[in-house]
Each structure stands twice: as C-alpha cells, then as structure tokens.
>>> print(open('query35.pdb').read())   # PDB, C-alpha atoms
ATOM      1  CA  GLN A   1     107.626 115.275 131.482  1.00  0.00           C
ATOM      2  CA  THR A   2     107.509 117.807 128.693  1.00  0.00           C
ATOM      3  CA  ILE A   3     105.190 120.668 129.604  1.00  0.00           C
ATOM      4  CA  ASP A   4     104.192 123.376 127.133  1.00  0.00           C
ATOM      5  CA  LYS A   5     105.588 126.832 127.916  1.00  0.00           C
ATOM      6  CA  LEU A   6     107.677 125.410 130.765  1.00  0.00           C
ATOM      7  CA  GLY A   7     110.282 122.985 129.426  1.00  0.00           C
ATOM      8  CA  LYS A   8     111.140 119.638 127.930  1.00  0.00           C
ATOM      9  CA  ALA A   9     111.521 116.397 129.826  1.00  0.00           C
ATOM     10  CA  GLY A  10     114.946 116.106 131.461  1.00  0.00           C
ATOM     11  CA  GLU A  11     115.554 119.856 131.574  1.00  0.00           C
ATOM     12  CA  THR A  12     116.108 121.778 134.784  1.00  0.00           C
ATOM     13  CA  VAL A  13     113.880 124.842 134.958  1.00  0.00           C
ATOM     14  CA  LYS A  14     113.071 127.347 137.663  1.00  0.00           C
ATOM     15  CA  VAL A  15     109.396 127.633 138.699  1.00  0.00           C
ATOM     16  CA  ALA A  16     107.535 129.297 141.527  1.00  0.00           C
ATOM     17  CA  PRO A  17     107.516 127.162 144.700  1.00  0.00           C
ATOM     18  CA  GLY A  18     103.704 127.224 144.930  1.00  0.00           C
ATOM     19  CA  HIS A  19     103.299 126.055 141.302  1.00  0.00           C
ATOM     20  CA  PHE A  20     105.695 123.168 141.914  1.00  0.00           C
ATOM     21  CA  ARG A  21     104.162 122.192 145.278  1.00  0.00           C
ATOM     22  CA  ASN A  22     100.488 122.488 144.232  1.00  0.00           C
ATOM     23  CA  TYR A  23     100.508 121.429 140.561  1.00  0.00           C
ATOM     24  CA  LEU A  24     103.697 119.769 139.248  1.00  0.00           C
ATOM     25  CA  MET A  25     104.621 117.526 142.191  1.00  0.00           C
ATOM     26  CA  PRO A  26     101.124 116.054 142.928  1.00  0.00           C
ATOM     27  CA  LYS A  27     100.632 115.130 139.257  1.00  0.00           C
ATOM     28  CA  MET A  28     104.153 113.600 139.047  1.00  0.00           C
ATOM     29  CA  LEU A  29     105.098 115.999 136.261  1.00  0.00           C
ATOM     30  CA  ALA A  30     108.353 117.135 137.902  1.00  0.00           C
ATOM     31  CA  VAL A  31     110.754 116.369 140.754  1.00  0.00           C
ATOM     32  CA  PRO A  32     112.827 118.787 142.851  1.00  0.00           C
ATOM     33  CA  ASN A  33     116.414 119.425 141.747  1.00  0.00           C
ATOM     34  CA  ILE A  34     118.217 117.788 144.662  1.00  0.00           C
ATOM     35  CA  ASP A  35     120.893 115.086 144.874  1.00  0.00           C
ATOM     36  CA  LYS A  36     118.305 112.458 145.749  1.00  0.00           C
ATOM     37  CA  PHE A  37     116.752 112.765 142.247  1.00  0.00           C
ATOM     38  CA  ALA A  38     120.007 113.502 140.336  1.00  0.00           C
ATOM     39  CA  ILE A  39     120.456 109.909 139.106  1.00  0.00           C
ATOM     40  CA  LEU A  40     116.835 109.772 137.921  1.00  0.00           C
ATOM     41  CA  MET A  41     117.270 113.051 136.050  1.00  0.00           C
ATOM     42  CA  ARG A  42     120.501 111.901 134.344  1.00  0.00           C
ATOM     43  CA  GLU A  43     118.926 108.619 133.167  1.00  0.00           C
ATOM     44  CA  GLN A  44     115.824 110.375 131.943  1.00  0.00           C
ATOM     45  CA  SER A  45     117.803 113.027 130.078  1.00  0.00           C
ATOM     46  CA  LYS A  46     119.816 110.267 128.322  1.00  0.00           C
ATOM     47  CA  LEU A  47     116.569 108.636 127.203  1.00  0.00           C
ATOM     48  CA  TYR A  48     115.086 111.850 125.888  1.00  0.00           C
ATOM     49  CA  LYS A  49     118.298 112.949 124.164  1.00  0.00           C
ATOM     50  CA  ARG A  50     118.370 109.637 122.254  1.00  0.00           C
ATOM     51  CA  GLU A  51     114.857 110.276 121.024  1.00  0.00           C
ATOM     52  CA  GLU A  52     115.810 113.765 119.904  1.00  0.00           C
ATOM     53  CA  GLU A  53     118.897 112.490 118.085  1.00  0.00           C
ATOM     54  CA  VAL A  54     116.825 110.414 115.669  1.00  0.00           C
ATOM     55  CA  VAL A  55     117.298 112.243 112.382  1.00  0.00           C
ATOM     56  CA  VAL A  56     114.793 111.930 109.599  1.00  0.00           C
ATOM     57  CA  LYS A  57     116.503 111.500 106.273  1.00  0.00           C
ATOM     58  CA  GLU A  58     115.117 113.826 103.677  1.00  0.00           C
ATOM     59  CA  VAL A  59     114.330 112.127 100.409  1.00  0.00           C
ATOM     60  CA  SER A  60     114.115 114.089  97.210  1.00  0.00           C
ATOM     61  CA  LYS A  61     110.996 113.819  95.106  1.00  0.00           C
ATOM     62  CA  GLU A  62     112.876 112.057  92.294  1.00  0.00           C
ATOM     63  CA  GLU A  63     114.257 109.389  94.655  1.00  0.00           C
ATOM     64  CA  ASP A  64     110.832 108.877  96.218  1.00  0.00           C
ATOM     65  CA  ASP A  65     109.172 108.585  92.803  1.00  0.00           C
ATOM     66  CA  ALA A  66     111.845 106.142  91.635  1.00  0.00           C
ATOM     67  CA  ARG A  67     111.414 104.033  94.774  1.00  0.00           C
ATOM     68  CA  GLN A  68     107.633 103.988  94.388  1.00  0.00           C
ATOM     69  CA  ALA A  69     107.931 103.060  90.706  1.00  0.00           C
ATOM     70  CA  GLU A  70     110.316 100.230  91.611  1.00  0.00           C
ATOM     71  CA  GLU A  71     107.942  98.907  94.288  1.00  0.00           C
ATOM     72  CA  LYS A  72     105.025  99.095  91.870  1.00  0.00           C
ATOM     73  CA  LEU A  73     107.018  97.206  89.239  1.00  0.00           C
ATOM     74  CA  LYS A  74     107.863  94.468  91.773  1.00  0.00           C
ATOM     75  CA  GLN A  75     104.202  94.178  92.755  1.00  0.00           C
ATOM     76  CA  CYS A  76     103.202  93.984  89.078  1.00  0.00           C
ATOM     77  CA  GLN A  77     105.803  91.289  88.423  1.00  0.00           C
ATOM     78  CA  ALA A  78     104.602  89.215  91.386  1.00  0.00           C
ATOM     79  CA  ALA A  79     100.981  89.587  90.258  1.00  0.00           C
ATOM     80  CA  ALA A  80     101.906  88.679  86.683  1.00  0.00           C
ATOM     81  CA  LYS A  81     103.718  85.578  87.887  1.00  0.00           C
ATOM     82  CA  ARG A  82     100.619  84.514  89.836  1.00  0.00           C
ATOM     83  CA  LEU A  83      98.507  85.115  86.729  1.00  0.00           C
ATOM     84  CA  ASP A  84     100.853  83.050  84.564  1.00  0.00           C
ATOM     85  CA  ASN A  85     100.902  80.055  86.927  1.00  0.00           C
ATOM     86  CA  ALA A  86      97.173  80.124  87.689  1.00  0.00           C
ATOM     87  CA  LEU A  87      94.331  78.040  86.318  1.00  0.00           C
ATOM     88  CA  LEU A  88      90.900  79.589  86.752  1.00  0.00           C
ATOM     89  CA  VAL A  89      88.114  77.043  86.903  1.00  0.00           C
ATOM     90  CA  PHE A  90      84.513  77.961  86.098  1.00  0.00           C
ATOM     91  CA  ARG A  91      81.641  75.544  86.577  1.00  0.00           C
ATOM     92  CA  ARG A  92      78.717  75.879  84.200  1.00  0.00           C
ATOM     93  CA  PHE A  93      75.627  73.891  83.269  1.00  0.00           C
ATOM     94  CA  ILE A  94      75.405  72.800  79.659  1.00  0.00           C
ATOM     95  CA  SER A  95      72.387  73.004  77.375  1.00  0.00           C
ATOM     96  CA  GLU A  96      73.280  70.829  74.338  1.00  0.00           C
ATOM     97  CA  GLY A  97      76.499  68.928  73.660  1.00  0.00           C
ATOM     98  CA  ILE A  98      79.256  71.099  75.067  1.00  0.00           C
ATOM     99  CA  GLU A  99      77.419  74.448  74.717  1.00  0.00           C
ATOM    100  CA  LEU A 100      76.978  76.403  77.939  1.00  0.00           C
ATOM    101  CA  ARG A 101      73.685  77.821  79.205  1.00  0.00           C
ATOM    102  CA  SER A 102      75.408  81.033  80.257  1.00  0.00           C
ATOM    103  CA  PRO A 103      78.765  81.935  78.650  1.00  0.00           C
ATOM    104  CA  VAL A 104      81.760  83.121  80.676  1.00  0.00           C
ATOM    105  CA  THR A 105      82.192  86.854  80.117  1.00  0.00           C
ATOM    106  CA  LYS A 106      85.173  89.155  80.491  1.00  0.00           C
ATOM    107  CA  ASP A 107      83.731  90.697  83.676  1.00  0.00           C
ATOM    108  CA  GLU A 108      83.315  87.260  85.285  1.00  0.00           C
ATOM    109  CA  ILE A 109      86.940  86.412  84.517  1.00  0.00           C
ATOM    110  CA  VAL A 110      88.112  89.736  86.004  1.00  0.00           C
ATOM    111  CA  SER A 111      86.102  89.206  89.201  1.00  0.00           C
ATOM    112  CA  GLU A 112      87.298  85.593  89.503  1.00  0.00           C
ATOM    113  CA  VAL A 113      90.942  86.675  89.114  1.00  0.00           C
ATOM    114  CA  ALA A 114      90.404  89.182  91.925  1.00  0.00           C
ATOM    115  CA  ARG A 115      88.717  86.575  94.127  1.00  0.00           C
ATOM    116  CA  GLN A 116      91.007  83.586  93.539  1.00  0.00           C
ATOM    117  CA  LEU A 117      94.384  85.231  92.913  1.00  0.00           C
ATOM    118  CA  ASN A 118      94.032  88.556  94.770  1.00  0.00           C
ATOM    119  CA  VAL A 119      95.111  90.400  91.628  1.00  0.00           C
ATOM    120  CA  ASN A 120      93.129  93.335  90.293  1.00  0.00           C
ATOM    121  CA  ILE A 121      93.163  93.586  86.527  1.00  0.00           C
ATOM    122  CA  TYR A 122      91.120  95.800  84.276  1.00  0.00           C
ATOM    123  CA  PRO A 123      88.743  94.356  81.677  1.00  0.00           C
ATOM    124  CA  ASP A 124      90.869  96.162  79.073  1.00  0.00           C
ATOM    125  CA  ASN A 125      93.817  93.927  80.069  1.00  0.00           C
ATOM    126  CA  LEU A 126      91.960  90.821  78.808  1.00  0.00           C
ATOM    127  CA  HIS A 127      91.841  90.213  75.087  1.00  0.00           C
ATOM    128  CA  LEU A 128      88.600  88.248  74.822  1.00  0.00           C
ATOM    129  CA  VAL A 129      86.824  88.753  71.490  1.00  0.00           C
ATOM    130  CA  SER A 130      83.636  86.929  72.488  1.00  0.00           C
ATOM    131  CA  PRO A 131      82.458  85.245  75.720  1.00  0.00           C
ATOM    132  CA  LEU A 132      83.591  81.654  76.243  1.00  0.00           C
ATOM    133  CA  SER A 133      80.567  79.497  75.421  1.00  0.00           C
ATOM    134  CA  SER A 134      81.806  75.893  75.480  1.00  0.00           C
ATOM    135  CA  LEU A 135      83.448  73.428  77.865  1.00  0.00           C
ATOM    136  CA  GLY A 136      87.216  73.007  77.781  1.00  0.00           C
ATOM    137  CA  GLU A 137      90.478  74.779  78.525  1.00  0.00           C
ATOM    138  CA  PHE A 138      91.254  78.169  77.057  1.00  0.00           C
ATOM    139  CA  GLU A 139      94.221  80.525  77.080  1.00  0.00           C
ATOM    140  CA  VAL A 140      93.058  84.119  77.249  1.00  0.00           C
ATOM    141  CA  PRO A 141      95.741  86.628  76.137  1.00  0.00           C
ATOM    142  CA  LEU A 142      96.577  89.400  78.603  1.00  0.00           C
ATOM    143  CA  ARG A 143      97.749  92.873  77.723  1.00  0.00           C
ATOM    144  CA  LEU A 144     100.055  93.873  80.553  1.00  0.00           C
ATOM    145  CA  PRO A 145     102.484  96.834  80.583  1.00  0.00           C
ATOM    146  CA  ARG A 146     105.602  96.334  78.471  1.00  0.00           C
ATOM    147  CA  ASP A 147     107.972  96.966  81.390  1.00  0.00           C
ATOM    148  CA  ILE A 148     106.903  93.672  82.999  1.00  0.00           C
ATOM    149  CA  PRO A 149     109.188  90.998  81.502  1.00  0.00           C
ATOM    150  CA  ARG A 150     107.429  88.059  79.865  1.00  0.00           C
ATOM    151  CA  PRO A 151     108.022  84.514  81.103  1.00  0.00           C
ATOM    152  CA  GLU A 152     110.759  82.611  79.311  1.00  0.00           C
ATOM    153  CA  GLY A 153     109.710  80.951  76.085  1.00  0.00           C
ATOM    154  CA  LYS A 154     106.416  82.845  75.786  1.00  0.00           C
ATOM    155  CA  LEU A 155     105.556  85.574  73.342  1.00  0.00           C
ATOM    156  CA  GLN A 156     102.767  87.054  75.438  1.00  0.00           C
ATOM    157  CA  TRP A 157     101.061  86.769  78.807  1.00  0.00           C
ATOM    158  CA  THR A 158      98.168  84.330  78.931  1.00  0.00           C
ATOM    159  CA  LEU A 159      95.614  83.368  81.524  1.00  0.00           C
ATOM    160  CA  LYS A 160      94.486  79.723  81.612  1.00  0.00           C
ATOM    161  CA  VAL A 161      90.739  79.291  82.008  1.00  0.00           C
ATOM    162  CA  LYS A 162      89.041  75.922  82.368  1.00  0.00           C
ATOM    163  CA  ILE A 163      85.284  75.530  82.048  1.00  0.00           C
ATOM    164  CA  ARG A 164      83.763  72.314  83.309  1.00  0.00           C
ATOM    165  CA  ARG A 165      80.491  70.856  84.534  1.00  0.00           C
ATOM    166  CA  PRO A 166      79.468  71.367  88.175  1.00  0.00           C
TER     167      PRO A 166
END
>>> encode(input="query35.pdb", output="structure tokens")
Amino acid sequence: QTIDKLGKAGETVKVAPGHFRNYLMPKMLAVPNIDKFAILMREQSKLYKREEEVVVKEVSKEEDDARQAEEKLKQCQAAAKRLDNALLVFRRFISEGIELRSPVTKDEIVSEVARQLNVNIYPDNLHLVSPLSSLGEFEVPLRLPRDIPRPEGKLQWTLKVKIRRP
C-alpha cells in the first residue's frame, strides 16, 4: 500500500528489518521482495500504474462557461416545453354565478407550477394583470428569455390555467 514518507504502492523500497518485521508485515502493508511475491508485485504495479495514467483534461474557462451555458439552455428549453404542454387545474369554491370566493393569484400559479411541473419560475415571468377571479380556462402569457425558441405557430409562451369547482 502507499505509505507516506516511505513509498507508493507497487514500489520496491529499502527499510530497516525491524520496521518491516514489527510494523509493515503484521499490518499487511508490505511484502518481502522475494521471488515468491514477485508475481503479486507485478500485478499490483500494473493496477497502480493504470490509475496513475488517468489524465485529467484541463478545460479552459471559456469552454467551461460555454458548456454550462449550453446545459442551462437545454434545461430551460425542456422546462419551457413542459410549461407549454401543461394544463394547471385549480379548484375553487364559488360565491355567486361564476365568481370565485378567493381569486387565483400570481404566487399561487408560481407555486403550483413548481409543485406539478417541477419547474421554478419567477413571479416576474408571469404576465398577470389581475388575479383570476372566475371559473373557466385562461392562457397566462409568460415572459421567458429570448434565447429559448418559441413553439411553432405561437407568438409567445403561454401557460394554460383552468379553474373549476371542487
């Protein structure tokens, strides 16, 4: 085994006979350098040399930043696709006609998107002028970054919200 201040695993080093006999051999940290253990030493040195040969590729900061930006863009695109195909359903009690007792606010929509779709959006991403206060289906416009391509045939991202009775 590799031992600090003595040597790496697979190396042949010279140590005092008492140190070998009293410390290294009883703890199975080393074996004597005789023909009986030569095969074991060769196999072990091959194993350890393979581990040492693993080279870590250095990545420049620009490449790393570009890779991270690309991954983030892919994650944003996947999240946007889930948002576009989703239908959020809220259940509310009504007071009169189709008026709701408690309207659906921007914060409730954001928390429901996080819960149902596992997508975190900011309240600023939703363009909701006033809380939704009646039953029915609504399309709430989303303001997502421009680098995320819009779905075909649509001018902007929308989130479908349906409010119904419990």
>>> axis_aligned_box(input="query35.pdb", around="segment 97-100 of chain A", padding_each_side="6 Å", output="JSON")
{"center_x": 77.9, "center_y": 72.7, "center_z": 75.8, "size_x": 14.8, "size_y": 19.5, "size_z": 16.3}
>>> closest_atom_pairs(input="query35.pdb", of="segment 131-161 of chain A", to="segment 103-127 of chain A", cutoff="8 Å", atoms="all atoms listed in the file", output="CSV")
residue,atom,partner,partner_atom,distance
A:Pro131,CA,A:Thr105,CA,4.7
A:Leu132,CA,A:Val104,CA,5.0
A:Ser133,CA,A:Pro103,CA,4.4
A:Ser134,CA,A:Pro103,CA,7.5
A:Val140,CA,A:His127,CA,6.6
A:Pro141,CA,A:His127,CA,5.4
A:Leu142,CA,A:Leu126,CA,4.8
A:Arg143,CA,A:Asn125,CA,4.7
A:Leu144,CA,A:Asn125,CA,6.3
>>> atom_distance(input="query35.pdb", atom1="atom CA of Val129 of chain A", atom2="atom CA of Leu159 of chain A")
14.4 Å
>>> atom_distance(input="query35.pdb", atom1="atom CA of Arg146 of chain A", atom2="atom CA of Ser60 of chain A")
27.2 Å
>>> closest_residue(input="query35.pdb", among="A:Glu43, A:Glu71, A:Glu11, A:Asp65", to="Ala30 of chain A", atoms="only C-alpha atoms")
A:Glu11
>>> resolve_selection(input="query35.pdb", expression="the PyMOL selection byres ((chain A and resi 73-79) around 8)", output="list in words")
Ala69, Glu70, Glu71, Lys72, Ala80, Lys81, Arg82, Leu83, Val119, Asp147, Ile148 and Pro149 of chain A
>>> write_last_selection(input="query35.pdb", atoms="C-alpha atoms", output="PDB file, keeping the file's coordinate frame")
ATOM      1  CA  ALA A  69     107.931 103.060  90.706  1.00  0.00           C
ATOM      2  CA  GLU A  70     110.316 100.230  91.611  1.00  0.00           C
ATOM      3  CA  GLU A  71     107.942  98.907  94.288  1.00  0.00           C
ATOM      4  CA  LYS A  72     105.025  99.095  91.870  1.00  0.00           C
ATOM      5  CA  ALA A  80     101.906  88.679  86.683  1.00  0.00           C
ATOM      6  CA  LYS A  81     103.718  85.578  87.887  1.00  0.00           C
ATOM      7  CA  ARG A  82     100.619  84.514  89.836  1.00  0.00           C
ATOM      8  CA  LEU A  83      98.507  85.115  86.729  1.00  0.00           C
ATOM      9  CA  VAL A 119      95.111  90.400  91.628  1.00  0.00           C
ATOM     10  CA  ASP A 147     107.972  96.966  81.390  1.00  0.00           C
ATOM     11  CA  ILE A 148     106.903  93.672  82.999  1.00  0.00           C
ATOM     12  CA  PRO A 149     109.188  90.998  81.502  1.00  0.00           C
TER      13      PRO A 149
END
>>> closest_residue(input="query35.pdb", among="A:Gly97, A:Ile39, A:Gln44, A:Arg21", to="Thr2 of chain A", atoms="only C-alpha atoms")
A:Gln44
>>> atom_distance(input="query35.pdb", atom1="atom CA of Ile98 of chain A", atom2="atom CA of Pro166 of chain A")
13.1 Å
>>> build_atoms(input="query35.pdb", residues="segment 71-82 of chain A", atoms="all heavy atoms", output="tab-separated table (two decimals), in the frame of the given file")
chain	number	residue	atom	x	y	z
A	71	GLU	N	108.83	99.75	93.49
A	71	GLU	CA	107.94	98.91	94.29
A	71	GLU	C	106.73	98.48	93.47
A	71	GLU	O	106.31	97.33	93.53
A	71	GLU	CB	107.48	99.66	95.54
A	71	GLU	CG	108.53	99.77	96.61
A	71	GLU	CD	108.04	100.55	97.82
A	71	GLU	OE1	106.82	100.76	97.96
A	71	GLU	OE2	108.90	100.95	98.63
A	72	LYS	N	106.20	99.41	92.70
A	72	LYS	CA	105.02	99.10	91.87
A	72	LYS	C	105.38	98.05	90.82
A	72	LYS	O	104.60	97.14	90.56
A	72	LYS	CB	104.49	100.37	91.21
A	72	LYS	CG	103.17	100.19	90.55
A	72	LYS	CD	102.60	101.50	90.07
A	72	LYS	CE	101.23	101.28	89.48
A	72	LYS	NZ	100.59	102.52	89.07
A	73	LEU	N	106.57	98.18	90.24
A	73	LEU	CA	107.02	97.21	89.24
A	73	LEU	C	107.17	95.82	89.87
A	73	LEU	O	106.74	94.82	89.29
A	73	LEU	CB	108.34	97.65	88.61
A	73	LEU	CG	108.92	96.70	87.57
A	73	LEU	CD1	108.00	96.59	86.37
A	73	LEU	CD2	110.30	97.16	87.14
A	74	LYS	N	107.72	95.75	91.09
A	74	LYS	CA	107.86	94.47	91.77
A	74	LYS	C	106.50	93.85	92.06
A	74	LYS	O	106.30	92.65	91.89
A	74	LYS	CB	108.64	94.64	93.08
A	74	LYS	CG	110.12	94.83	92.88
A	74	LYS	CD	110.83	94.97	94.20
A	74	LYS	CE	112.32	95.21	94.00
A	74	LYS	NZ	113.02	95.40	95.28
A	75	GLN	N	105.55	94.68	92.49
A	75	GLN	CA	104.20	94.18	92.76
A	75	GLN	C	103.57	93.67	91.46
A	75	GLN	O	102.92	92.62	91.45
A	75	GLN	CB	103.33	95.27	93.37
A	75	GLN	CG	103.70	95.61	94.78
A	75	GLN	CD	102.91	96.79	95.33
A	75	GLN	OE1	102.21	97.47	94.59
A	75	GLN	NE2	103.04	97.03	96.62
A	76	CYS	N	103.76	94.41	90.37
A	76	CYS	CA	103.20	93.98	89.08
A	76	CYS	C	103.83	92.68	88.62
A	76	CYS	O	103.14	91.80	88.11
A	76	CYS	CB	103.42	95.06	88.02
A	76	CYS	SG	102.39	96.52	88.23
A	77	GLN	N	105.14	92.53	88.82
A	77	GLN	CA	105.80	91.29	88.42
A	77	GLN	C	105.30	90.11	89.23
A	77	GLN	O	105.07	89.03	88.69
A	77	GLN	CB	107.32	91.43	88.58
A	77	GLN	CG	107.96	92.30	87.54
A	77	GLN	CD	109.44	92.51	87.80
A	77	GLN	OE1	109.91	92.36	88.92
A	77	GLN	NE2	110.17	92.90	86.76
A	78	ALA	N	105.11	90.30	90.54
A	78	ALA	CA	104.60	89.22	91.39
A	78	ALA	C	103.18	88.85	90.97
A	78	ALA	O	102.84	87.66	90.88
A	78	ALA	CB	104.63	89.63	92.85
A	79	ALA	N	102.35	89.85	90.69
A	79	ALA	CA	100.98	89.59	90.26
A	79	ALA	C	100.97	88.88	88.90
A	79	ALA	O	100.19	87.95	88.69
A	79	ALA	CB	100.20	90.89	90.19
A	80	ALA	N	101.84	89.31	88.00
A	80	ALA	CA	101.91	88.68	86.68
A	80	ALA	C	102.35	87.23	86.79
A	80	ALA	O	101.86	86.36	86.07
A	80	ALA	CB	102.85	89.47	85.78
A	81	LYS	N	103.26	86.95	87.70
A	81	LYS	CA	103.72	85.58	87.89
A	81	LYS	C	102.57	84.71	88.41
A	81	LYS	O	102.39	83.57	87.96
A	81	LYS	CB	104.89	85.56	88.87
A	81	LYS	CG	105.67	84.29	88.86
A	81	LYS	CD	106.93	84.43	89.66
A	81	LYS	CE	107.81	83.22	89.45
A	81	LYS	NZ	109.08	83.34	90.12
A	82	ARG	N	101.78	85.27	89.34
A	82	ARG	CA	100.62	84.51	89.84
A	82	ARG	C	99.62	84.28	88.71
A	82	ARG	O	99.03	83.21	88.61
A	82	ARG	CB	99.93	85.28	90.97
A	82	ARG	CG	100.57	85.01	92.31
A	82	ARG	CD	99.78	85.63	93.41
A	82	ARG	NE	100.18	87.03	93.46
A	82	ARG	CZ	99.57	87.98	94.12
A	82	ARG	NH1	98.48	87.73	94.77
A	82	ARG	NH2	100.02	89.21	94.11
